[in-house]
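Notes follow the structure.
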Amino acid sequence: MNPPAEPPAWRGFERGERAYARIVVALFAAGFATFAQIFDAQAVLPALGRELGVPAAGAALTVSATTIGLAISVLPWASVADRIGRIAAMKISLVSATVLSLLVPLMPGFESVLVMRGLVGLALGAVPAIAVAYLAEELHGSWVGVAAGTYVAGNTIGGIAGRLVAGPLSEVVGWRSGLLAVSVLGAVAAATFFVLVPAARGFVRVRGVAVPVRTRILFQLKDPVMLALYAVGFLLMGAFSVVYNYLGFHLTGAPFLVPETLVSLLFVAYLSGTVASRVSGGLGQRIGYLRVMLGGIAIMVAGLVLLFSDSLAVVIVGLVVFTVGCFSAHPVASGLSGRWAQLGRGQSTALYQLAWLSGTAFFGWAVGVVYGGAGWAATLLTVLGMCGAAALAAGVGIGLLGRRRPVPPA
């Protein structure tokens with residue numbers, strides 16, 4: 001008697017299938033909820049600093065506290081998701097983060113706000129940690145990059161919405177009410193994820209310790225291609241955080257003297273990143289991932305040059321150009337961190353998230369010291385150096401070492 005046939009390997013959903021669309025929209029909503037609640041504080045930094053009596057670099061810690069919490073939590077969340085499932089982990093994360101976000105505006109002082117913002121980051125870590133790994137498991141390999149770009153687009157739109165809701169409200173009814181409104185918006189997006197996400201098909205629960213988590217993490221940290229990807233995320237998103245943290249302070253001062261309410265509208269430039277992130281994944285498949293990443297970094301540099309201007313119109317154009325460049329390169333690196341991982345996709349994507357979140361937290365505060373001490377021009381020169389280092393990491397790690405890298409089947 002012939003042995004029973006093994007079930008066919010899971011091929012993954014493809015574009016055009018209903019489940020594919022549900023997954024993409026659900027992950028878009030999860031990214032929206034996550035990043036609206038991470039970066040809403042960025043739009044209220046001047047008002048928050050004024051009310052709580054802290055300088056620019058100190059106010060920026062309210063953003064860094066959340067990203068530090070994320071950075072600390074992504075690896076534990078990846079391990080939890082290996083056991084309970086990607087979807088279950090993301091649901092727990094979104095619910096707990098929403099509850100904590102609703103408590104932030106109730107905190108009486110700067111220190112308590114920082115602590116609660118850090119707890120929000122710890123709770124939010126699941127979605128950035130495992131979203132790309134989830135896509136790699138559920139979708140056909142040819143569509144993972146495109147879907148990852150859509151997920152990152154949800155991140156950018158969430159970031160825009162959080163800023164645009166919180167910023168103007170902070171001028172009218174105070175920064176606390178602004179953050180509260182964003183928390184409610186995040187709750188709606190989280191509910192959308194719950195309704196749309198289909199049951200997992202490609203997830204295989206980790207049982208026992210056949211390949212310990214520590215081994216999977218160390219494997220990534222010994223892989224020069226992965227290290228190059230992590231360095232790109234660390235530097236580019238650190239650069240992005242610096243520009244968006246301190247541009248508001250720069251424009252409210254001389255020679256611009258732009259009202260804080262209008263400064264909040266500059267975050268509409270984030271929409272250009274949404275478009276770029278959606279296009280970059282497919283473009284990488286056609287012309288090569290390294291070309292897209294280096295091209296994106298070059299566009300960032302062009303935008304930074306424009307940001308030196310004393311003309312508000314030129315600065316706005318520079319911000320748009322800079323944002324397009326960043327979100328051309330970042331989604332490609334993010335997608336490759338899952339697809340090119342030779343062992344432990346969940347740990348690899350979590351490490352990429354850890355890298356860029358660490359860059360956002362560290363540079364978002366540290367370069368603020370440069371801004372406070374030496375001004376805007378010195379800040380931009382620092383960011384230019386970070387972009388150059390990211391291009392070097394991409395060229396060496398991905399261009400030289402990753403050229404013939406085998407891609408595991410999806």
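Each chain in the structure tokens gets a letter, A, B, ..., in the order shown, and its residues are numbered from 1; ligands are numbered from 1 in order too.
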#### Entry: All residues 9 Å or closer to Ala390 in chain A, only C-alpha atoms, same chain fewer than 6 positions away omitted, as a list of chain:residue names
A:Ala228, A:Ala231, A:Val232, A:Gly233, A:Phe234, A:Leu235, A:Leu236, A:Leu294, A:Ile297
### Message
Taking 2 positions as the minimum chain separation for residues in the same chain, which residues sit within 12 Å of Gly109 in chain A when counting only C-alpha atoms? Answer as a list of chain:residue names.
### Response
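Selected residues are A:Leu48, A:Gly49, A:Glu51, A:Leu52, A:Gly53, A:Val54, A:Thr62, A:Val104, A:Pro105, A:Leu106, A:Met107, A:Glu111, A:Ser112, A:Val113, A:Leu114, A:Val115, A:Met116, A:Arg176.
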### Message
Could you list, as a PyMOL selection string, every residue within 12 Å of Gly318 in chain A, counting only C-alpha atoms and ignoring same-chain residues fewer than 4 positions away?
### Response
chain A and resi 243+247+266+269+272+299-314+322-325+380
### Query
Which value, in Å to one decimal, gives the distance between CA of Tyr244 in chain A and CA of Pro128 in chain A?
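CA of Pro128 in chain A lies at a distance of 20.1 Å from CA of Tyr244 in chain A.
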### Task
Extract, using only C-alpha atoms, all DNA, RNA and protein residues at most 12 Å from Val132 in chain A, discarding same-chain residues fewer than 6 positions from it, and format them as JSON, numbers by chain.
{"A": [23, 24, 27, 28, 31, 78, 86, 126, 138, 139, 141, 143, 144, 145, 146, 147, 148, 149, 150, 151, 152, 331, 332, 333, 334, 335, 336, 337, 338, 339, 340, 341, 345, 346, 347, 348, 349, 350, 351, 352, 353]}
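In this model, the gap between CA of Asn155 in chain A and CA of Phe35 in chain A comes to 5.4 Å.
From CA of Leu169 in chain A back to CA of Ala276 in chain A, the distance works out to 28.3 Å.
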